[in-house]
Structure formats: structure tokens, C-alpha cells
$ cat final-v3.txt   # compact mmCIF, C-alpha atoms
# COMPACT_ATOMS: atom_id res chain seq x y z
CA SER A 133 5.36 -3.88 28.73
CA THR A 134 4.10 -1.44 26.11
CA TYR A 135 0.67 -3.05 26.26
CA ASN A 136 0.54 -2.76 30.08
CA LYS A 137 1.59 0.88 29.97
CA LEU A 138 -1.09 1.60 27.41
CA GLN A 139 -3.84 0.10 29.55
CA ASN A 140 -2.72 2.11 32.60
CA ILE A 141 -2.87 5.45 30.85
CA ASN A 142 -5.90 7.41 32.02
CA ALA A 143 -6.78 8.96 28.68
CA PRO A 144 -9.25 8.50 25.83
CA ALA A 145 -8.63 5.58 23.53
CA HIS A 146 -7.35 7.65 20.61
CA LYS A 147 -4.74 9.34 22.87
CA ARG A 148 -3.64 5.99 24.23
CA LEU A 149 -3.15 4.87 20.65
CA VAL A 150 -0.87 7.86 20.00
CA VAL A 151 1.24 6.93 23.06
CA LEU A 152 1.46 3.36 21.80
CA PHE A 153 2.60 4.53 18.38
CA LEU A 154 5.28 6.81 19.84
CA THR A 155 6.65 4.04 22.06
CA THR A 156 6.89 1.53 19.22
CA SER A 157 7.51 3.44 16.00
CA THR A 158 11.23 4.04 16.60
CA ASN A 159 11.89 0.31 16.61
CA MET A 160 9.89 -0.20 13.39
CA LEU A 161 8.27 -3.33 14.85
CA PRO A 162 11.19 -5.64 13.95
CA SER A 163 9.66 -9.03 14.72
CA LEU A 164 6.44 -10.87 14.08
CA TYR A 165 5.94 -11.28 17.84
CA THR A 166 6.31 -7.53 18.42
CA ARG A 167 4.00 -6.78 15.53
CA SER A 168 1.29 -9.11 16.83
CA ALA A 169 1.53 -7.56 20.29
CA PHE A 170 1.27 -4.12 18.75
CA LEU A 171 -1.90 -4.99 16.84
CA PHE A 172 -3.43 -6.65 19.91
CA ALA A 173 -2.73 -3.58 21.99
CA VAL A 174 -4.26 -1.30 19.38
CA ALA A 175 -7.41 -3.40 19.29
CA SER A 176 -7.61 -3.43 23.08
CA ALA A 177 -7.23 0.34 23.28
CA PHE A 178 -10.56 0.90 21.63
CA GLN A 179 -13.58 0.12 23.78
CA PRO A 180 -16.98 -0.48 22.13
CA SER A 181 -18.15 2.98 23.15
CA SER A 182 -15.28 4.65 21.29
CA VAL A 183 -16.00 2.62 18.17
CA ILE A 184 -19.63 3.70 18.23
CA ARG A 185 -18.69 7.29 18.96
CA HIS A 186 -16.46 7.48 15.89
CA SER A 187 -18.67 5.42 13.59
CA SER A 188 -19.63 8.49 11.54
CA PHE A 189 -16.00 8.80 10.44
CA THR A 190 -16.51 6.22 7.73
CA TYR A 191 -15.35 5.33 4.27
CA ARG A 192 -18.26 7.16 2.67
CA SER A 193 -17.82 10.34 4.69
CA ILE A 194 -14.15 10.62 3.74
CA SER A 195 -14.95 9.75 0.13
CA ARG A 196 -17.35 12.68 0.04
CA LYS A 197 -14.58 14.98 1.28
CA ILE A 198 -12.36 13.85 -1.58
CA SER A 199 -15.14 14.35 -4.10
CA HIS A 200 -15.51 17.95 -2.91
CA LEU A 201 -11.84 18.76 -3.59
CA ASN A 202 -11.37 21.15 -6.50
CA MET A 203 -9.68 18.64 -8.80
CA SER A 204 -9.44 21.15 -11.64
CA LYS A 205 -6.93 23.22 -9.62
CA MET A 206 -4.87 20.31 -8.28
CA THR A 207 -1.60 19.03 -9.69
CA PHE A 208 -1.44 15.23 -9.81
CA PRO A 209 1.57 12.94 -9.83
CA GLU A 210 2.75 11.53 -13.14
CA LEU A 211 3.40 8.21 -11.43
CA CYS A 212 1.71 6.75 -8.35
CA VAL A 213 3.70 3.87 -6.86
CA PHE A 214 2.08 1.45 -4.43
CA ASP A 215 3.74 -1.05 -2.14
CA LEU A 216 1.65 -4.23 -2.09
CA ASP A 217 1.71 -6.19 1.19
CA ALA A 218 -0.14 -4.56 4.11
CA CYS A 219 -0.43 -1.36 2.06
CA PHE A 220 -2.26 -1.87 -1.24
CA TRP A 221 -3.94 -5.02 0.10
CA ASP A 222 -4.47 -6.61 3.47
CA GLN A 223 -2.20 -9.66 3.37
CA GLU A 224 1.52 -10.40 3.52
CA MET A 225 2.37 -12.67 0.59
CA TYR A 226 5.24 -14.39 2.41
CA THR A 227 2.73 -15.88 4.87
CA LEU A 228 0.72 -17.54 2.06
CA SER A 229 1.42 -20.81 0.28
CA LYS A 230 -1.03 -21.17 -2.63
CA ILE A 231 -1.05 -19.29 -5.92
CA PRO A 232 -4.70 -18.26 -6.49
CA ASP A 233 -6.55 -18.85 -9.74
CA GLU A 234 -10.05 -18.18 -11.08
CA SER A 235 -11.51 -20.93 -8.89
CA ASN A 236 -10.46 -18.95 -5.80
CA ILE A 237 -12.27 -15.65 -6.40
CA VAL A 238 -14.71 -14.02 -3.98
CA LYS A 239 -17.39 -11.79 -5.50
CA GLY A 240 -19.17 -8.83 -3.93
CA ASP A 241 -19.99 -5.15 -4.31
CA LEU A 242 -17.22 -3.02 -5.81
CA ASN A 243 -17.95 0.21 -3.98
CA GLY A 244 -21.26 0.76 -5.75
CA HIS A 245 -19.89 0.00 -9.23
CA GLY A 246 -21.54 -3.42 -9.44
CA GLU A 247 -20.62 -6.94 -8.50
CA GLY A 248 -17.10 -8.10 -9.17
CA VAL A 249 -14.06 -9.82 -7.66
CA ILE A 250 -13.44 -8.26 -4.26
CA GLY A 251 -11.16 -10.98 -2.93
CA VAL A 252 -9.09 -14.01 -3.84
CA MET A 253 -8.33 -16.96 -1.62
CA SER A 254 -4.84 -18.29 -1.07
CA GLY A 255 -5.55 -21.39 0.97
CA ARG A 256 -7.65 -20.17 3.88
CA SER A 257 -6.48 -16.56 3.61
CA ARG A 258 -8.42 -13.95 1.66
CA ILE A 259 -6.58 -11.19 -0.16
CA SER A 260 -8.54 -7.95 -0.58
CA LEU A 261 -7.71 -4.38 -1.54
CA HIS A 262 -7.76 -1.76 1.17
CA LYS A 263 -10.51 0.83 0.76
CA GLY A 264 -8.16 3.63 -0.25
CA SER A 265 -6.56 1.42 -2.87
CA LEU A 266 -9.91 0.55 -4.44
CA LEU A 267 -11.05 4.18 -4.43
CA ALA A 268 -7.76 5.33 -5.94
CA LEU A 269 -7.92 2.83 -8.80
CA GLN A 270 -11.61 3.39 -9.46
CA SER A 271 -11.00 7.14 -9.70
CA HIS A 272 -7.98 6.48 -11.91
CA HIS A 273 -10.10 4.20 -14.11
CA ALA A 274 -12.57 7.09 -14.45
CA ASP A 275 -9.73 9.42 -15.57
CA LYS A 276 -10.07 11.74 -12.59
CA TYR A 277 -6.29 12.20 -12.33
CA PRO A 278 -5.12 13.54 -15.71
CA ASP A 279 -1.90 12.02 -17.08
CA MET A 280 -1.26 9.91 -13.97
CA LYS A 281 -0.07 6.32 -14.31
CA VAL A 282 0.23 3.60 -11.66
CA CYS A 283 2.73 0.87 -10.86
CA PHE A 284 3.89 -1.27 -7.95
CA ALA A 285 7.14 -1.50 -5.96
CA SER A 286 7.14 -4.45 -3.58
CA SER A 287 10.02 -6.26 -1.89
CA ALA A 288 8.14 -9.58 -1.71
CA ASP A 289 10.34 -11.96 0.25
CA THR A 290 10.36 -15.08 -1.94
CA PRO A 291 9.72 -16.07 -5.56
CA LEU A 292 6.51 -17.77 -4.39
CA ALA A 293 5.35 -14.58 -2.65
CA GLU A 294 5.97 -12.71 -5.91
CA GLN A 295 3.97 -15.27 -7.88
CA ILE A 296 1.05 -15.05 -5.46
CA GLY A 297 1.12 -11.26 -5.69
CA ARG A 298 1.13 -11.16 -9.48
CA ALA A 299 -1.65 -13.76 -9.69
CA SER A 300 -3.77 -11.71 -7.27
CA LEU A 301 -3.31 -8.54 -9.33
CA LYS A 302 -4.66 -10.43 -12.35
CA LEU A 303 -7.80 -11.55 -10.46
CA LEU A 304 -8.86 -8.66 -8.20
CA GLU A 305 -11.15 -6.22 -9.99
CA VAL A 306 -11.34 -2.43 -9.97
CA VAL A 307 -14.72 -2.35 -11.67
CA PRO A 308 -16.63 -5.38 -12.99
CA GLY A 309 -14.68 -6.94 -15.83
CA THR A 310 -11.50 -4.89 -15.30
CA THR A 311 -8.77 -6.32 -13.08
CA VAL A 312 -6.01 -4.36 -11.40
CA TRP A 313 -3.60 -5.85 -13.95
CA ASP A 314 -5.85 -4.82 -16.84
CA LEU A 315 -5.87 -1.22 -15.65
CA VAL A 316 -2.27 -0.81 -14.55
CA VAL A 317 -0.37 -2.95 -17.04
CA GLY A 318 -2.88 -3.11 -19.87
CA ARG A 319 -4.11 0.48 -20.01
CA ASP A 320 -1.38 2.53 -18.33
CA TRP A 321 1.62 0.80 -19.90
CA ASP A 322 0.17 -0.71 -23.08
CA GLY A 323 0.82 -4.25 -21.84
CA GLU A 324 4.40 -3.67 -20.63
CA ASP A 325 5.03 -4.90 -17.09
CA VAL A 326 7.06 -2.13 -15.47
CA ASN A 327 6.19 -3.26 -11.92
CA GLN A 328 9.10 -4.05 -9.63
CA ILE A 329 7.96 -6.90 -7.39
CA GLY A 330 10.28 -9.03 -5.27
CA ARG A 331 13.84 -8.86 -4.00
CA GLN A 332 15.56 -11.32 -6.32
CA PRO A 333 18.42 -9.76 -8.37
CA PRO A 334 18.50 -7.20 -9.84
CA LEU A 335 16.05 -6.17 -7.10
CA SER A 336 16.83 -6.14 -3.38
CA ALA A 337 15.18 -5.41 -0.05
CA ASN A 338 16.19 -1.74 -0.49
CA LYS A 339 13.65 -0.08 -2.78
CA SER A 340 15.60 3.17 -2.94
CA ALA A 341 18.63 1.34 -4.35
CA THR A 342 16.90 -0.92 -6.86
CA HIS A 343 13.14 -0.63 -7.36
CA PHE A 344 12.98 3.15 -7.81
CA PRO A 345 16.03 3.67 -10.03
CA ILE A 346 14.68 0.92 -12.31
CA LEU A 347 11.21 2.49 -12.30
CA ARG A 348 12.65 5.88 -13.19
CA GLU A 349 14.46 4.40 -16.17
CA LEU A 350 11.57 2.24 -17.40
CA THR A 351 8.78 4.79 -16.94
CA ARG A 352 10.84 7.90 -17.79
CA VAL A 353 9.16 9.72 -14.91
CA ARG A 354 11.30 11.92 -12.67
CA TYR A 355 11.48 11.12 -8.95
CA ASP A 356 9.93 14.47 -8.07
CA ARG A 357 6.89 13.61 -10.19
CA MET A 358 6.13 10.46 -8.18
CA LEU A 359 3.85 9.69 -5.23
CA PHE A 360 4.73 6.61 -3.14
CA PHE A 361 2.70 4.71 -0.53
CA ASP A 362 4.28 2.08 1.76
CA ASP A 363 3.27 0.55 5.10
CA CYS A 364 6.89 0.86 6.38
CA GLN A 365 6.34 -1.73 9.09
CA TRP A 366 9.57 -3.65 8.44
CA GLY A 367 11.74 -0.70 7.49
CA ASP A 368 11.36 2.96 6.60
CA HIS A 369 11.08 2.56 2.83
CA CYS A 370 9.46 5.99 2.53
CA GLY A 371 12.31 7.68 4.35
CA GLU A 372 14.94 5.78 2.36
CA VAL A 373 13.33 6.72 -0.95
CA GLU A 374 12.97 10.37 0.10
CA ARG A 375 16.65 10.57 1.06
CA ALA A 376 18.23 8.61 -1.80
CA CYS A 377 16.02 9.23 -4.82
CA LYS A 378 16.33 12.95 -5.58
CA GLU A 379 16.58 15.02 -8.73
CA ARG A 380 19.72 17.14 -9.06
CA GLN A 381 17.92 20.25 -10.27
CA THR A 382 15.27 20.43 -7.57
CA GLY A 383 16.80 18.38 -4.75
CA ARG A 384 13.39 16.73 -4.44
CA GLY A 385 12.24 13.15 -4.59
CA PRO A 386 8.89 11.37 -4.47
CA ALA A 387 6.17 12.54 -2.12
CA THR A 388 5.69 9.65 0.29
CA ILE A 389 2.95 8.53 2.66
CA ARG A 390 3.34 5.85 5.33
CA THR A 391 0.34 3.52 5.71
CA PRO A 392 1.01 1.31 8.76
CA TYR A 393 -2.65 0.20 8.83
CA GLY A 394 -3.03 -0.15 5.07
CA LEU A 395 -3.98 2.43 2.47
CA GLY A 396 -7.18 4.04 3.65
CA VAL A 397 -9.28 6.66 1.92
CA GLU A 398 -7.88 9.35 4.19
CA GLU A 399 -4.27 8.36 3.38
CA TRP A 400 -5.05 8.50 -0.33
CA ALA A 401 -6.39 12.05 0.02
CA GLU A 402 -3.39 12.99 2.15
CA GLY A 403 -1.04 11.73 -0.55
CA LEU A 404 -2.71 13.74 -3.31
CA ASP A 405 -2.61 16.85 -1.15
CA LYS A 406 1.04 16.35 -0.17
CA TYR A 407 2.13 15.90 -3.77
CA ALA A 408 0.23 19.00 -4.90
CA LYS A 409 1.93 21.08 -2.20
CA MET A 410 5.39 19.70 -3.02
CA PHE A 411 5.07 20.14 -6.78
CA GLN A 412 7.62 22.51 -8.25
CA PRO A 413 7.51 23.59 -11.93
CA ILE A 414 10.86 23.58 -13.70
CA ASP A 415 11.72 26.29 -16.25
CA GLY A 416 8.19 26.32 -17.58
CA ALA A 417 8.56 22.76 -18.92
CA ASP A 418 8.08 19.33 -17.48
CA ASN A 419 9.66 16.79 -19.81
CA TYR A 420 11.86 13.89 -18.71
CA ASP A 421 14.18 14.12 -21.71
CA ILE A 422 14.78 17.86 -21.21
CA LYS A 423 15.46 17.76 -17.49
CA LYS A 424 16.79 14.26 -16.71

$ encode --input "final-v3.txt" --output "C-alpha cells"
Amino acid sequence: STYNKLQNINAPAHKRLVVLFLTTSTNMLPSLYTRSAFLFAVASAFQPSSVIRHSSFTYRSISRKISHLNMSKMTFPELCVFDLDACFWDQEMYTLSKIPDESNIVKGDLNGHGEGVIGVMSGRSRISLHKGSLLALQSHHADKYPDMKVCFASSADTPLAEQIGRASLKLLEVVPGTTVWDLVVGRDWDGEDVNQIGRQPPLSANKSATHFPILRELTRVRYDRMLFFDDCQWGDHCGEVERACKERQTGRGPATIRTPYGLGVEEWAEGLDKYAKMFQPIDGADNYDIKK
């Protein structure tokens, strides 16, 4: 019914998309059938003419906007936390059945940084980073965000889904010769795996109750010094984390950004901007041990 209503609205495609979002977002797309219908309706809302008309709004044009930000005056998060499935990359691990290895890599251009691993195959499905994810990690690799570290918080459904996710992180490259795992685990955490992936005990499906408290303890980064991205298609993880994970002194938690279509370049810029605006200095110091 939502799809039929959308098609009958006499409005430009982008406005019909807004109507569709408003009529579906409150239910959080609870089933695979509903989710498929939602995506089909979104695709149908955009006619070829609208795609051509908005073609200038591309990855490169947004990237240029980010590059023009005055980074020297921005405050960056101490910890950037990414959800994995349908946020950091384009697949849902629970739908896959094969753990990828080096024989399953797909090579291509890494955003102008040379040829490297841009995808890995799990059976017939290809796992690739979203554009915002790749840009974020490449900029992080180039030390554009002083003192920021990265980790992952994913409620992967099954042990197999977790294994596929970890294997993919060890194969997908940020720049040629450096995998996501190399950068995040190897460089940021000196080889310690602080990532919270899965929902097997002590983890659960509720990231605010398990993943984030564990991350706070392991990383020694306050909640209000974190930035969190999640697609939120199966539950409002961002809202739950905002409400439950707060510091007593400031009453603030992580800055969060919902990415229902995956982490794009625009969402990455939005997250940096939101964190900078939310940042609140504490007593002239910013040390976990002093203010925990």
C-alpha cells in the first residue's frame, strides 16, 4: 500500500521519497519482505530524468566539500565507532554462507590511491565498503583526524556471520597493501582487537547494553568523546545508545548518525560536523582517568 501511495503522489521524485520515509520509518522496517518492498519503492520513485538531473551531486563533489572544511579548527572524536552490515559495507553477513579468503578478492581502484582490494566474494555475493567508509578510513590513514581511533560495534546474528565479517575486514584494503584490519587493529590499537562484533554472550542484540559499555572500558574513551554510525534498519541502535550511554558529568553520550542507505560521503561529513558542535570541554582537561 505504501508503494501505491507513493506512485500516486503528484510530486517530484525526491519529495515522494520523503513521504515514503515518513510512512515507513516509525515501523523500522521489521521484516525482510517489508524491507525489500521499501527498497523497490525507493528505486521506482526515481525516474531516469531525475537521476540525470542530480548526477552532479556525486562522490567527488561531496569529497571536495569535505576537503574545503577548515580541519585545523575542528574538534574530532577520540573514537569513531562503525556498525558493519548495511552501514560500513554493503552486505548483511547473516545472508552469506562462505568465509572469504585471499582467493576471493576483487581488485580495482581505491579512490585514486592505486589498485587494491575493493571487494571480497562470499559465494556469489560481493562485499564492498560504502564510499563514505572508504573515504573516512583513507583520511584516517593519512592522519587527517588528530588523535582519533576507530573500532566496530556490530550485532552480527550468528557465529558464522561474525567469522565472515572478521575475515572481510582482514582482506578489504584502505590503500594498497593496508587492510582495514591493519589500520584499525594493527595501527590504532597496537594489535589488540577491541572490536565488539556479534551477539553471543557477553554481547547481545542491544549495543547500548553490551557493546558500548565494553568499548568504553577497553578503549578508555568516554561516551561523549565518541561518534557512532549505524544503519538502524532493524532497530534504533543510535537512539538506544544516545539514551543509555551518557556521562554523569555532562549528561551527554556519543554523537550518532543513522545511515539507512549505507555510510555515504555526505553522512561522514555530517557526523564530523555533529560531533564538533556537540563537543563540550570539561574543566579544561580531557582525560578518561580524571573524569570517568

$ closest_residue --input "final-v3.txt" --among "A:Asp320, A:Asp362, A:Asp275, A:Glu374" --to "Leu216 of chain A" --atoms "only C-alpha atoms"
A:Asp362

$ atom_distance --input "final-v3.txt" --atom1 "atom CA of Ile259 of chain A" --atom2 "atom CA of Trp221 of chain A"
6.7 Å

$ closest_residue --input "final-v3.txt" --among "A:Pro209, A:Pro278, A:Pro333, A:Gly297" --to "Thr227 of chain A" --atoms "only C-alpha atoms"
A:Gly297

$ closest_residue --input "final-v3.txt" --among "A:Ile231, A:Val306, A:Leu269, A:Ala293" --to "Gly248 of chain A" --atoms "only C-alpha atoms"
A:Val306

$ closest_residue --input "final-v3.txt" --among "A:Gln223, A:Ser229, A:Gln270, A:Thr382" --to "Val316 of chain A" --atoms "all atoms listed in the file"
A:Gln270

$ atom_distance --input "final-v3.txt" --atom1 "atom CA of Ile296 of chain A" --atom2 "atom CA of Trp366 of chain A"
19.9 Å

$ closest_residue --input "final-v3.txt" --among "A:Pro291, A:Gly394, A:Gly240, A:Gly246" --to "Leu335 of chain A" --atoms "all atoms listed in the file"
A:Pro291

$ closest_residue --input "final-v3.txt" --among "A:Pro392, A:Pro413, A:Gly371, A:Gly323" --to "Asp356 of chain A" --atoms "only C-alpha atoms"
A:Pro413

$ atom_distance --input "final-v3.txt" --atom1 "atom CA of Phe220 of chain A" --atom2 "atom CA of Ala285 of chain A"
10.5 Å

$ closest_atom_pairs --input "final-v3.txt" --of "segment 255-293 of chain A" --to "segment 338-343 of chain A" --cutoff "12 Å" --atoms "all atoms listed in the file" --output "JSON lines"
{"residue": "A:Cys283", "atom": "CA", "partner": "A:His343", "partner_atom": "CA", "distance": 11.1}
{"residue": "A:Phe284", "atom": "CA", "partner": "A:His343", "partner_atom": "CA", "distance": 9.3}
{"residue": "A:Ala285", "atom": "CA", "partner": "A:His343", "partner_atom": "CA", "distance": 6.2}
{"residue": "A:Ser286", "atom": "CA", "partner": "A:Lys339", "partner_atom": "CA", "distance": 7.9}
{"residue": "A:Ser287", "atom": "CA", "partner": "A:Lys339", "partner_atom": "CA", "distance": 7.2}
{"residue": "A:Ala288", "atom": "CA", "partner": "A:Lys339", "partner_atom": "CA", "distance": 11.0}
{"residue": "A:Asp289", "atom": "CA", "partner": "A:Asn338", "partner_atom": "CA", "distance": 11.8}

$ residues_around --input "final-v3.txt" --residues "Thr351 of chain A" --least-positions-apart "5" --cutoff "9 Å" --atoms "all atoms listed in the file" --output "PyMOL selection string"
chain A and resi 211+321+326+346

$ residues_near_point --input "final-v3.txt" --point "(-7.4, -6.4, -13.1)" --cutoff "12 Å" --atoms "only C-alpha atoms" --output "PDB file with C-alpha atoms, in the coordinates of the input"
ATOM      1  CA  GLY A 248     -17.100  -8.100  -9.170  1.00  0.00           C
ATOM      2  CA  VAL A 249     -14.060  -9.820  -7.660  1.00  0.00           C
ATOM      3  CA  ILE A 250     -13.440  -8.260  -4.260  1.00  0.00           C
ATOM      4  CA  GLY A 251     -11.160 -10.980  -2.930  1.00  0.00           C
ATOM      5  CA  LEU A 261      -7.710  -4.380  -1.540  1.00  0.00           C
ATOM      6  CA  LEU A 266      -9.910   0.550  -4.440  1.00  0.00           C
ATOM      7  CA  LEU A 269      -7.920   2.830  -8.800  1.00  0.00           C
ATOM      8  CA  GLN A 270     -11.610   3.390  -9.460  1.00  0.00           C
ATOM      9  CA  HIS A 273     -10.100   4.200 -14.110  1.00  0.00           C
ATOM     10  CA  ARG A 298       1.130 -11.160  -9.480  1.00  0.00           C
ATOM     11  CA  ALA A 299      -1.650 -13.760  -9.690  1.00  0.00           C
ATOM     12  CA  SER A 300      -3.770 -11.710  -7.270  1.00  0.00           C
ATOM     13  CA  LEU A 301      -3.310  -8.540  -9.330  1.00  0.00           C
ATOM     14  CA  LYS A 302      -4.660 -10.430 -12.350  1.00  0.00           C
ATOM     15  CA  LEU A 303      -7.800 -11.550 -10.460  1.00  0.00           C
ATOM     16  CA  LEU A 304      -8.860  -8.660  -8.200  1.00  0.00           C
ATOM     17  CA  GLU A 305     -11.150  -6.220  -9.990  1.00  0.00           C
ATOM     18  CA  VAL A 306     -11.340  -2.430  -9.970  1.00  0.00           C
ATOM     19  CA  VAL A 307     -14.720  -2.350 -11.670  1.00  0.00           C
ATOM     20  CA  PRO A 308     -16.630  -5.380 -12.990  1.00  0.00           C
ATOM     21  CA  GLY A 309     -14.680  -6.940 -15.830  1.00  0.00           C
ATOM     22  CA  THR A 310     -11.500  -4.890 -15.300  1.00  0.00           C
ATOM     23  CA  THR A 311      -8.770  -6.320 -13.080  1.00  0.00           C
ATOM     24  CA  VAL A 312      -6.010  -4.360 -11.400  1.00  0.00           C
ATOM     25  CA  TRP A 313      -3.600  -5.850 -13.950  1.00  0.00           C
ATOM     26  CA  ASP A 314      -5.850  -4.820 -16.840  1.00  0.00           C
ATOM     27  CA  LEU A 315      -5.870  -1.220 -15.650  1.00  0.00           C
ATOM     28  CA  VAL A 316      -2.270  -0.810 -14.550  1.00  0.00           C
ATOM     29  CA  VAL A 317      -0.370  -2.950 -17.040  1.00  0.00           C
ATOM     30  CA  GLY A 318      -2.880  -3.110 -19.870  1.00  0.00           C
ATOM     31  CA  ARG A 319      -4.110   0.480 -20.010  1.00  0.00           C
ATOM     32  CA  ASP A 320      -1.380   2.530 -18.330  1.00  0.00           C
TER      33      ASP A 320
END

$ decode --input "final-v3.txt" --residues "segment 374-386 of chain A" --atoms "N, CA and C atoms" --output "compact mmCIF listing (two decimals), in the first residue's frame"
# COMPACT_ATOMS: atom_id res chain seq x y z
N GLU A 374 22.26 6.73 22.42
CA GLU A 374 22.16 8.12 22.89
C GLU A 374 21.49 8.20 24.25
N ARG A 375 20.43 7.39 24.44
CA ARG A 375 19.66 7.46 25.68
C ARG A 375 20.36 6.76 26.86
N ALA A 376 21.01 5.64 26.59
CA ALA A 376 21.53 4.82 27.68
C ALA A 376 22.99 5.07 28.02
N CYS A 377 23.78 5.52 27.05
CA CYS A 377 25.22 5.63 27.26
C CYS A 377 25.62 7.09 27.43
N LYS A 378 25.45 7.60 28.65
CA LYS A 378 25.74 9.01 28.93
C LYS A 378 26.74 9.14 30.08
N GLU A 379 27.50 10.22 30.02
CA GLU A 379 28.43 10.54 31.09
C GLU A 379 27.71 11.33 32.18
N ARG A 380 28.00 11.02 33.43
CA ARG A 380 27.32 11.69 34.54
C ARG A 380 27.58 13.19 34.55
N GLN A 381 28.82 13.59 34.29
CA GLN A 381 29.17 15.00 34.42
C GLN A 381 28.54 15.89 33.36
N THR A 382 28.44 15.37 32.14
CA THR A 382 27.93 16.20 31.05
C THR A 382 26.51 15.84 30.63
N GLY A 383 26.05 14.63 31.01
CA GLY A 383 24.73 14.18 30.56
C GLY A 383 24.70 13.89 29.08
N ARG A 384 25.88 13.76 28.47
CA ARG A 384 25.98 13.54 27.03
C ARG A 384 26.54 12.16 26.72
N GLY A 385 26.14 11.66 25.55
CA GLY A 385 26.66 10.40 25.06
C GLY A 385 27.29 10.58 23.70
N PRO A 386 27.45 9.50 22.96
CA PRO A 386 28.05 9.60 21.63
C PRO A 386 27.20 10.43 20.68
